[in-house]
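This is model-v6.pdb (PDB, C-alpha atoms).
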MODEL        1
ATOM      1  CA  MET A   1     -14.974   3.754  23.683  1.00  0.00           C
ATOM      2  CA  SER A   2     -15.427   4.900  20.071  1.00  0.00           C
ATOM      3  CA  ASP A   3     -14.975   2.549  17.118  1.00  0.00           C
ATOM      4  CA  ASN A   4     -11.662   4.265  16.291  1.00  0.00           C
ATOM      5  CA  GLU A   5     -10.391   3.887  19.862  1.00  0.00           C
ATOM      6  CA  LEU A   6     -11.394   0.228  19.853  1.00  0.00           C
ATOM      7  CA  HIS A   7      -9.680  -0.226  16.499  1.00  0.00           C
ATOM      8  CA  VAL A   8      -6.442   1.376  17.730  1.00  0.00           C
ATOM      9  CA  ASN A   9      -6.414  -0.699  20.924  1.00  0.00           C
ATOM     10  CA  THR A  10      -6.965  -3.960  19.042  1.00  0.00           C
ATOM     11  CA  TYR A  11      -4.440  -3.430  16.264  1.00  0.00           C
ATOM     12  CA  ASN A  12      -1.776  -1.958  18.553  1.00  0.00           C
ATOM     13  CA  SER A  13      -2.143  -5.081  20.703  1.00  0.00           C
ATOM     14  CA  LEU A  14      -1.890  -7.398  17.685  1.00  0.00           C
ATOM     15  CA  ALA A  15       0.945  -5.629  15.846  1.00  0.00           C
ATOM     16  CA  ASP A  16       3.622  -8.140  16.822  1.00  0.00           C
ATOM     17  CA  GLU A  17       1.434 -11.083  15.848  1.00  0.00           C
ATOM     18  CA  TYR A  18       0.777  -9.451  12.477  1.00  0.00           C
ATOM     19  CA  ARG A  19       4.536  -9.113  12.022  1.00  0.00           C
ATOM     20  CA  GLU A  20       5.024 -12.793  12.838  1.00  0.00           C
ATOM     21  CA  ARG A  21       2.478 -13.775  10.153  1.00  0.00           C
ATOM     22  CA  ILE A  22       4.063 -11.803   7.296  1.00  0.00           C
ATOM     23  CA  ASN A  23       5.712 -14.813   5.671  1.00  0.00           C
ATOM     24  CA  ARG A  24       2.451 -16.757   5.821  1.00  0.00           C
ATOM     25  CA  PHE A  25       0.578 -14.119   3.813  1.00  0.00           C
ATOM     26  CA  GLU A  26       3.274 -13.118   1.341  1.00  0.00           C
ATOM     27  CA  VAL A  27       2.870 -16.005  -1.109  1.00  0.00           C
ATOM     28  CA  LYS A  28      -0.900 -15.701  -1.493  1.00  0.00           C
ATOM     29  CA  ASP A  29      -0.720 -11.912  -1.732  1.00  0.00           C
ATOM     30  CA  LEU A  30       1.434 -12.213  -4.855  1.00  0.00           C
ATOM     31  CA  PHE A  31      -1.859 -12.815  -6.692  1.00  0.00           C
ATOM     32  CA  LEU A  32      -3.003  -9.345  -5.561  1.00  0.00           C
ATOM     33  CA  ILE A  33       0.206  -7.369  -5.931  1.00  0.00           C
ATOM     34  CA  GLY A  34       0.905  -8.660  -9.447  1.00  0.00           C
ATOM     35  CA  PRO A  35      -2.298  -7.290 -11.039  1.00  0.00           C
ATOM     36  CA  MET A  36      -1.973  -3.940  -9.251  1.00  0.00           C
ATOM     37  CA  SER A  37       1.656  -3.342 -10.210  1.00  0.00           C
ATOM     38  CA  SER A  38       1.138  -4.575 -13.789  1.00  0.00           C
ATOM     39  CA  TYR A  39      -1.881  -2.345 -14.336  1.00  0.00           C
ATOM     40  CA  VAL A  40      -0.187   0.742 -12.884  1.00  0.00           C
ATOM     41  CA  ARG A  41       2.948   0.300 -15.004  1.00  0.00           C
ATOM     42  CA  LYS A  42       0.926  -0.282 -18.174  1.00  0.00           C
ATOM     43  CA  GLN A  43      -1.638   2.489 -17.657  1.00  0.00           C
ATOM     44  CA  PHE A  44       0.761   5.119 -16.279  1.00  0.00           C
ATOM     45  CA  THR A  45       3.967   4.961 -18.286  1.00  0.00           C
ATOM     46  CA  THR A  46       6.157   7.426 -16.366  1.00  0.00           C
ATOM     47  CA  GLU A  47       7.620   6.308 -13.037  1.00  0.00           C
ATOM     48  CA  THR A  48       6.595   9.546 -11.327  1.00  0.00           C
ATOM     49  CA  ALA A  49       2.951   8.716 -12.095  1.00  0.00           C
ATOM     50  CA  GLN A  50       3.179   5.177 -10.706  1.00  0.00           C
ATOM     51  CA  GLU A  51       2.117   5.692  -7.102  1.00  0.00           C
ATOM     52  CA  VAL A  52      -0.147   3.447  -5.022  1.00  0.00           C
ATOM     53  CA  LEU A  53      -1.818   4.167  -1.694  1.00  0.00           C
ATOM     54  CA  ASP A  54      -2.300   1.234   0.690  1.00  0.00           C
ATOM     55  CA  VAL A  55      -5.242   2.116   2.930  1.00  0.00           C
ATOM     56  CA  GLY A  56      -5.077   0.449   6.331  1.00  0.00           C
ATOM     57  CA  CYS A  57      -1.643  -0.940   5.502  1.00  0.00           C
ATOM     58  CA  GLY A  58      -1.331  -3.054   8.661  1.00  0.00           C
ATOM     59  CA  SER A  59       2.058  -4.766   8.954  1.00  0.00           C
ATOM     60  CA  GLY A  60       3.310  -3.105   5.762  1.00  0.00           C
ATOM     61  CA  LEU A  61       3.633  -6.380   3.853  1.00  0.00           C
ATOM     62  CA  ASN A  62       1.751  -5.168   0.782  1.00  0.00           C
ATOM     63  CA  CYS A  63       3.628  -1.851   0.839  1.00  0.00           C
ATOM     64  CA  ARG A  64       6.898  -3.762   0.755  1.00  0.00           C
ATOM     65  CA  MET A  65       5.712  -6.073  -2.011  1.00  0.00           C
ATOM     66  CA  LEU A  66       4.636  -3.118  -4.166  1.00  0.00           C
ATOM     67  CA  SER A  67       7.950  -1.365  -3.473  1.00  0.00           C
ATOM     68  CA  ASP A  68       9.767  -4.512  -4.572  1.00  0.00           C
ATOM     69  CA  GLU A  69       7.890  -4.217  -7.887  1.00  0.00           C
ATOM     70  CA  GLY A  70       9.323  -0.727  -8.370  1.00  0.00           C
ATOM     71  CA  ILE A  71       6.108   1.098  -7.487  1.00  0.00           C
ATOM     72  CA  LYS A  72       6.165   4.204  -5.285  1.00  0.00           C
ATOM     73  CA  VAL A  73       4.009   3.400  -2.257  1.00  0.00           C
ATOM     74  CA  THR A  74       2.361   5.310   0.552  1.00  0.00           C
ATOM     75  CA  GLY A  75       0.655   3.438   3.372  1.00  0.00           C
ATOM     76  CA  ILE A  76      -1.704   4.901   5.949  1.00  0.00           C
ATOM     77  CA  GLU A  77      -2.426   3.121   9.231  1.00  0.00           C
ATOM     78  CA  LEU A  78      -4.492   4.320  12.193  1.00  0.00           C
ATOM     79  CA  ALA A  79      -2.862   2.243  14.963  1.00  0.00           C
ATOM     80  CA  PRO A  80       0.533   3.746  15.928  1.00  0.00           C
ATOM     81  CA  ARG A  81       2.189   0.466  16.930  1.00  0.00           C
ATOM     82  CA  MET A  82       1.047  -1.168  13.684  1.00  0.00           C
ATOM     83  CA  ALA A  83       2.345   1.838  11.718  1.00  0.00           C
ATOM     84  CA  GLU A  84       5.759   1.319  13.365  1.00  0.00           C
ATOM     85  CA  VAL A  85       5.756  -2.308  12.212  1.00  0.00           C
ATOM     86  CA  ALA A  86       4.781  -1.208   8.698  1.00  0.00           C
ATOM     87  CA  ALA A  87       7.649   1.305   8.548  1.00  0.00           C
ATOM     88  CA  GLN A  88      10.098  -1.425   9.586  1.00  0.00           C
ATOM     89  CA  THR A  89       8.654  -3.936   7.128  1.00  0.00           C
ATOM     90  CA  ALA A  90       8.550  -1.529   4.169  1.00  0.00           C
ATOM     91  CA  PRO A  91      11.472   0.908   4.547  1.00  0.00           C
ATOM     92  CA  LEU A  92      11.083   2.229   0.985  1.00  0.00           C
ATOM     93  CA  ALA A  93       7.430   3.173   1.510  1.00  0.00           C
ATOM     94  CA  ASP A  94       6.110   6.379   3.020  1.00  0.00           C
ATOM     95  CA  ILE A  95       4.094   5.264   6.068  1.00  0.00           C
ATOM     96  CA  ILE A  96       1.587   7.725   7.525  1.00  0.00           C
ATOM     97  CA  CYS A  97       0.219   7.137  11.020  1.00  0.00           C
ATOM     98  CA  GLY A  98      -3.212   8.671  10.675  1.00  0.00           C
ATOM     99  CA  ASP A  99      -6.924   8.310  10.022  1.00  0.00           C
ATOM    100  CA  PHE A 100      -7.758   7.869   6.339  1.00  0.00           C
ATOM    101  CA  VAL A 101     -11.206   9.342   6.911  1.00  0.00           C
ATOM    102  CA  SER A 102      -9.882  12.717   8.095  1.00  0.00           C
ATOM    103  CA  TYR A 103      -6.460  12.832   6.429  1.00  0.00           C
ATOM    104  CA  LYS A 104      -6.071  15.464   3.703  1.00  0.00           C
ATOM    105  CA  PHE A 105      -4.864  13.899   0.465  1.00  0.00           C
ATOM    106  CA  GLU A 106      -4.089  15.614  -2.821  1.00  0.00           C
ATOM    107  CA  SER A 107      -6.867  15.108  -5.383  1.00  0.00           C
ATOM    108  CA  ALA A 108      -6.136  12.771  -8.327  1.00  0.00           C
ATOM    109  CA  ARG A 109      -2.718  11.860  -6.932  1.00  0.00           C
ATOM    110  CA  TYR A 110      -2.664   8.057  -6.936  1.00  0.00           C
ATOM    111  CA  SER A 111      -2.658   5.659  -9.875  1.00  0.00           C
ATOM    112  CA  GLY A 112      -3.821   2.828  -7.624  1.00  0.00           C
ATOM    113  CA  VAL A 113      -5.455   2.349  -4.217  1.00  0.00           C
ATOM    114  CA  PHE A 114      -5.007  -0.949  -2.379  1.00  0.00           C
ATOM    115  CA  CYS A 115      -7.716  -1.434   0.246  1.00  0.00           C
ATOM    116  CA  LYS A 116      -7.393  -4.916   1.719  1.00  0.00           C
ATOM    117  CA  ALA A 117      -9.512  -5.805   4.778  1.00  0.00           C
ATOM    118  CA  PHE A 118     -10.146  -2.131   5.582  1.00  0.00           C
ATOM    119  CA  LEU A 119     -13.563  -1.086   4.309  1.00  0.00           C
ATOM    120  CA  HIS A 120     -15.364  -3.641   6.476  1.00  0.00           C
ATOM    121  CA  LEU A 121     -14.082  -1.868   9.620  1.00  0.00           C
ATOM    122  CA  TYR A 122     -16.653   0.906   9.106  1.00  0.00           C
ATOM    123  CA  PRO A 123     -20.463   1.216   9.150  1.00  0.00           C
ATOM    124  CA  LYS A 124     -22.094   1.375   5.737  1.00  0.00           C
ATOM    125  CA  GLU A 125     -22.574   5.139   5.545  1.00  0.00           C
ATOM    126  CA  GLU A 126     -18.962   5.798   6.493  1.00  0.00           C
ATOM    127  CA  ALA A 127     -17.789   3.114   4.074  1.00  0.00           C
ATOM    128  CA  LEU A 128     -19.664   4.854   1.252  1.00  0.00           C
ATOM    129  CA  MET A 129     -17.911   8.086   2.152  1.00  0.00           C
ATOM    130  CA  ILE A 130     -14.567   6.251   2.083  1.00  0.00           C
ATOM    131  CA  LEU A 131     -15.301   4.929  -1.418  1.00  0.00           C
ATOM    132  CA  ARG A 132     -16.102   8.436  -2.626  1.00  0.00           C
ATOM    133  CA  LYS A 133     -12.897   9.760  -1.088  1.00  0.00           C
ATOM    134  CA  ILE A 134     -10.865   7.014  -2.750  1.00  0.00           C
ATOM    135  CA  ARG A 135     -12.343   7.961  -6.099  1.00  0.00           C
ATOM    136  CA  GLU A 136     -11.417  11.592  -5.494  1.00  0.00           C
ATOM    137  CA  ILE A 137      -7.747  10.819  -4.815  1.00  0.00           C
ATOM    138  CA  LEU A 138      -7.369   8.406  -7.748  1.00  0.00           C
ATOM    139  CA  LYS A 139      -6.120   9.611 -11.102  1.00  0.00           C
ATOM    140  CA  PRO A 140      -8.497   9.108 -14.058  1.00  0.00           C
ATOM    141  CA  ALA A 141      -8.321   5.408 -15.022  1.00  0.00           C
ATOM    142  CA  GLY A 142      -6.787   4.657 -11.609  1.00  0.00           C
ATOM    143  CA  LEU A 143      -7.313   1.161 -10.187  1.00  0.00           C
ATOM    144  CA  LEU A 144      -8.983   0.266  -6.882  1.00  0.00           C
ATOM    145  CA  TYR A 145      -8.646  -3.098  -5.148  1.00  0.00           C
ATOM    146  CA  ILE A 146     -10.993  -3.913  -2.255  1.00  0.00           C
ATOM    147  CA  SER A 147     -11.368  -7.018  -0.111  1.00  0.00           C
ATOM    148  CA  VAL A 148     -14.008  -7.368   2.597  1.00  0.00           C
ATOM    149  CA  SER A 149     -15.611 -10.123   4.628  1.00  0.00           C
ATOM    150  CA  GLY A 150     -18.783 -11.308   2.926  1.00  0.00           C
ATOM    151  CA  ALA A 151     -21.978 -13.270   3.552  1.00  0.00           C
ATOM    152  CA  HIS A 152     -25.385 -13.764   1.936  1.00  0.00           C
ATOM    153  CA  GLU A 153     -26.803 -11.002   4.135  1.00  0.00           C
ATOM    154  CA  SER A 154     -25.080  -7.844   5.361  1.00  0.00           C
ATOM    155  CA  SER A 155     -24.669  -7.192   9.084  1.00  0.00           C
ATOM    156  CA  GLU A 156     -22.551  -4.997  11.328  1.00  0.00           C
ATOM    157  CA  ALA A 157     -21.552  -5.235  14.987  1.00  0.00           C
ATOM    158  CA  ILE A 158     -18.686  -5.143  17.456  1.00  0.00           C
ATOM    159  CA  ARG A 159     -17.084  -8.550  16.908  1.00  0.00           C
ATOM    160  CA  GLU A 160     -14.197 -10.534  18.377  1.00  0.00           C
ATOM    161  CA  LYS A 161     -11.177 -10.999  16.137  1.00  0.00           C
ATOM    162  CA  VAL A 162     -11.253 -14.738  16.615  1.00  0.00           C
ATOM    163  CA  ASP A 163      -8.372 -15.618  14.263  1.00  0.00           C
ATOM    164  CA  TYR A 164      -5.833 -13.834  16.499  1.00  0.00           C
ATOM    165  CA  ALA A 165      -4.881 -14.210  20.151  1.00  0.00           C
ATOM    166  CA  GLY A 166      -6.426 -12.214  22.970  1.00  0.00           C
ATOM    167  CA  ASN A 167     -10.120 -12.090  21.998  1.00  0.00           C
ATOM    168  CA  PHE A 168      -9.764  -8.442  21.016  1.00  0.00           C
ATOM    169  CA  LYS A 169     -12.809  -6.724  19.585  1.00  0.00           C
ATOM    170  CA  ARG A 170     -13.402  -4.194  16.816  1.00  0.00           C
ATOM    171  CA  PHE A 171     -16.282  -2.990  14.703  1.00  0.00           C
ATOM    172  CA  LYS A 172     -16.823  -5.080  11.577  1.00  0.00           C
ATOM    173  CA  ARG A 173     -19.364  -4.954   8.790  1.00  0.00           C
ATOM    174  CA  ILE A 174     -20.067  -8.130   6.800  1.00  0.00           C
ATOM    175  CA  TRP A 175     -21.034  -7.200   3.230  1.00  0.00           C
ATOM    176  CA  SER A 176     -23.398  -9.035   0.919  1.00  0.00           C
ATOM    177  CA  GLU A 177     -22.257  -9.350  -2.687  1.00  0.00           C
ATOM    178  CA  THR A 178     -25.157  -7.267  -3.998  1.00  0.00           C
ATOM    179  CA  GLU A 179     -24.691  -4.474  -1.490  1.00  0.00           C
ATOM    180  CA  LEU A 180     -20.942  -4.202  -2.096  1.00  0.00           C
ATOM    181  CA  HIS A 181     -21.439  -4.272  -5.866  1.00  0.00           C
ATOM    182  CA  ASP A 182     -23.979  -1.450  -5.624  1.00  0.00           C
ATOM    183  CA  ALA A 183     -21.757   0.549  -3.260  1.00  0.00           C
ATOM    184  CA  VAL A 184     -18.726   0.403  -5.553  1.00  0.00           C
ATOM    185  CA  GLN A 185     -20.666   1.187  -8.719  1.00  0.00           C
ATOM    186  CA  GLY A 186     -22.709   3.860  -6.958  1.00  0.00           C
ATOM    187  CA  SER A 187     -19.486   5.589  -5.932  1.00  0.00           C
ATOM    188  CA  GLY A 188     -18.540   6.108  -9.566  1.00  0.00           C
ATOM    189  CA  PHE A 189     -16.356   3.077 -10.292  1.00  0.00           C
ATOM    190  CA  GLU A 190     -16.552   0.591 -13.146  1.00  0.00           C
ATOM    191  CA  ILE A 191     -16.054  -2.924 -11.821  1.00  0.00           C
ATOM    192  CA  SER A 192     -13.588  -4.838 -13.964  1.00  0.00           C
ATOM    193  CA  TYR A 193     -13.280  -8.063 -11.946  1.00  0.00           C
ATOM    194  CA  TRP A 194     -15.125  -9.655  -9.047  1.00  0.00           C
ATOM    195  CA  SER A 195     -14.438 -12.806  -7.063  1.00  0.00           C
ATOM    196  CA  GLU A 196     -15.499 -14.619  -3.915  1.00  0.00           C
ATOM    197  CA  HIS A 197     -13.364 -17.130  -2.074  1.00  0.00           C
ATOM    198  CA  ARG A 198     -13.639 -19.131   1.103  1.00  0.00           C
ATOM    199  CA  ASP A 199     -10.980 -19.171   3.829  1.00  0.00           C
ATOM    200  CA  PHE A 200     -11.733 -22.542   5.386  1.00  0.00           C
ATOM    201  CA  ASN A 201      -8.966 -22.222   7.989  1.00  0.00           C
ATOM    202  CA  ASN A 202     -10.677 -19.226   9.567  1.00  0.00           C
ATOM    203  CA  ASP A 203     -14.281 -19.934   8.456  1.00  0.00           C
ATOM    204  CA  LYS A 204     -14.523 -16.694   6.439  1.00  0.00           C
ATOM    205  CA  THR A 205     -15.807 -15.663   3.044  1.00  0.00           C
ATOM    206  CA  TRP A 206     -13.923 -12.895   1.227  1.00  0.00           C
ATOM    207  CA  LEU A 207     -15.253 -10.644  -1.519  1.00  0.00           C
ATOM    208  CA  ASP A 208     -12.607  -9.162  -3.843  1.00  0.00           C
ATOM    209  CA  VAL A 209     -13.301  -6.268  -6.213  1.00  0.00           C
ATOM    210  CA  TRP A 210     -11.116  -4.643  -8.861  1.00  0.00           C
ATOM    211  CA  ALA A 211     -12.597  -1.399 -10.159  1.00  0.00           C
ATOM    212  CA  VAL A 212     -11.476   1.527 -12.318  1.00  0.00           C
ATOM    213  CA  LYS A 213     -12.240   5.213 -11.903  1.00  0.00           C
TER     214      LYS A 213
ENDMDL
END
File written out as structure tokens:
Amino acid sequence: MSDNELHVNTYNSLADEYRERINRFEVKDLFLIGPMSSYVRKQFTTETAQEVLDVGCGSGLNCRMLSDEGIKVTGIELAPRMAEVAAQTAPLADIICGDFVSYKFESARYSGVFCKAFLHLYPKEEALMILRKIREILKPAGLLYISVSGAHESSEAIREKVDYAGNFKRFKRIWSETELHDAVQGSGFEISYWSEHRDFNNDKTWLDVWAVK
């Protein structure tokens, strides 16, 4: 089974549980949606230019939250069942069921790209390609948000998704701070803000990056 097939199987199976957890995540995600929507409205003054792409949009929560802020949103999600949940959660967003890696986007279309818990689902070389593609589809001065699982040393493997039911597996890369920093900058972005936080409930470290094209 390929990494993509494993990914689809896992996230199709977990789509209903993701839906059930929407309310749990909404409050803390306000601290992510606020900066993205504020930046896009300030930097791109016409409404037609204020468009954000949510890569790996999952349940559609962040698509809905951005829509509620008056931002035009497109979400792309590989797992069909999860994409269905996203379309139901965010009826004002345009939800694409497809593979970001192969999907043909218009160059310099988006004023922001929201990439939460997506990049770490790919090996390093593919992740670097994804970063370059994101830069290509961002407008000049467009904003990128990334969150990935982090550790002192990078590693990648097929891992169980232990914070959800069913012991489902998917590929996951754990990024070191230095390696992620170099990857983002090396892809042509200027990092404007960086943070690391610990999720003690699930024994995870998260790296968050805000960067501008």
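This file, queried with the PyMOL selection byres ((chain A and resi 163-172) around 7), gives the residues Asp3, Leu6, His7, Thr10, His120, Leu121, Tyr122, Glu156, Ala157, Ile158, Arg159, Glu160, Lys161, Val162, Arg173, Ile174 and Asn202 of chain A.
In this structure, atom CA of Phe118 of chain A sits 26.5 Å away from atom CA of Thr48 of chain A.
The residue that comes closest to His152 of chain A, out of A:Glu126, A:Glu196, A:Glu190, A:Asp94 and on the basis of only C-alpha atoms, is A:Glu196.
Interatomic distance, atom CA of Glu26 of chain A against atom CA of Ser59 of chain A: 11.4 Å.
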Using all atoms listed in the file, which of A:Cys57, A:Ala183, A:Met82, A:Ala141 sits nearest Arg109 of chain A?
A:Ala141
Explicit residue set for the PyMOL selection byres ((chain A and resi 192) around 9), as a compact mmCIF listing (two decimals) with C-alpha atoms, in the coordinates of the input:
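As a result, out20.txt now contains:
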# COMPACT_ATOMS: atom_id res chain seq x y z
CA GLU A 190 -16.55 0.59 -13.15
CA ILE A 191 -16.05 -2.92 -11.82
CA TYR A 193 -13.28 -8.06 -11.95
CA TRP A 194 -15.12 -9.65 -9.05
CA VAL A 209 -13.30 -6.27 -6.21
CA TRP A 210 -11.12 -4.64 -8.86
CA ALA A 211 -12.60 -1.40 -10.16
CA VAL A 212 -11.48 1.53 -12.32
Suppose you want the space between atom CA of Tyr11 of chain A and atom CA of Lys124 of chain A; what is it in Å?
21.1 Å
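Among the candidate residues A:Leu131, A:Ile71, A:Ala108, A:Ala87, the one lying nearest to Thr45 of chain A is A:Ile71, with distances computed using all atoms listed in the file.
Candidate residues A:Arg81, A:Lys72, A:Lys42, A:Lys28 were compared for distance to Ser13 of chain A, and the nearest is A:Arg81, using only C-alpha atoms.
This file gives the following result for the PyMOL selection byres ((chain A and resi 111) around 6): Gln50, Glu51, Val52, Tyr110, Gly112, Leu138, Lys139 and Gly142 of chain A.
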Output of the above residues as a PDB file, in the frame of the given file, restricted to C-alpha atoms:
ATOM      1  CA  GLN A  50       3.179   5.177 -10.706  1.00  0.00           C
ATOM      2  CA  GLU A  51       2.117   5.692  -7.102  1.00  0.00           C
ATOM      3  CA  VAL A  52      -0.147   3.447  -5.022  1.00  0.00           C
ATOM      4  CA  TYR A 110      -2.664   8.057  -6.936  1.00  0.00           C
ATOM      5  CA  GLY A 112      -3.821   2.828  -7.624  1.00  0.00           C
ATOM      6  CA  LEU A 138      -7.369   8.406  -7.748  1.00  0.00           C
ATOM      7  CA  LYS A 139      -6.120   9.611 -11.102  1.00  0.00           C
ATOM      8  CA  GLY A 142      -6.787   4.657 -11.609  1.00  0.00           C
TER       9      GLY A 142
END
Adding 4 Å on each side of the box along x, y and z that holds all listed atoms of segment 52-57 of chain A, could you give its centre and edge lengths in Å to one decimal, as JSON?
{"center_x": -2.7, "center_y": 1.6, "center_z": 0.7, "size_x": 13.1, "size_y": 13.1, "size_z": 19.4}
Place a sphere of radius 10 Å on (-7.9, 8.3, 6.8) in the file coordinates and name every protein, DNA or RNA residue with an atom inside or on its surface, counting only C-alpha atoms; give the answer as a compact mmCIF listing (two decimals) with C-alpha atoms, in the coordinates of the input.
# COMPACT_ATOMS: atom_id res chain seq x y z
CA VAL A 55 -5.24 2.12 2.93
CA GLY A 56 -5.08 0.45 6.33
CA ILE A 76 -1.70 4.90 5.95
CA GLU A 77 -2.43 3.12 9.23
CA LEU A 78 -4.49 4.32 12.19
CA ILE A 96 1.59 7.72 7.52
CA CYS A 97 0.22 7.14 11.02
CA GLY A 98 -3.21 8.67 10.68
CA ASP A 99 -6.92 8.31 10.02
CA PHE A 100 -7.76 7.87 6.34
CA VAL A 101 -11.21 9.34 6.91
CA SER A 102 -9.88 12.72 8.10
CA TYR A 103 -6.46 12.83 6.43
CA LYS A 104 -6.07 15.46 3.70
CA PHE A 105 -4.86 13.90 0.46
CA ILE A 130 -14.57 6.25 2.08
CA LYS A 133 -12.90 9.76 -1.09
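Distances to Glu177 of chain A were evaluated for A:Met65, A:Val40, A:Ala151, A:Ala127 using only C-alpha atoms, and the minimum falls at A:Ala151.
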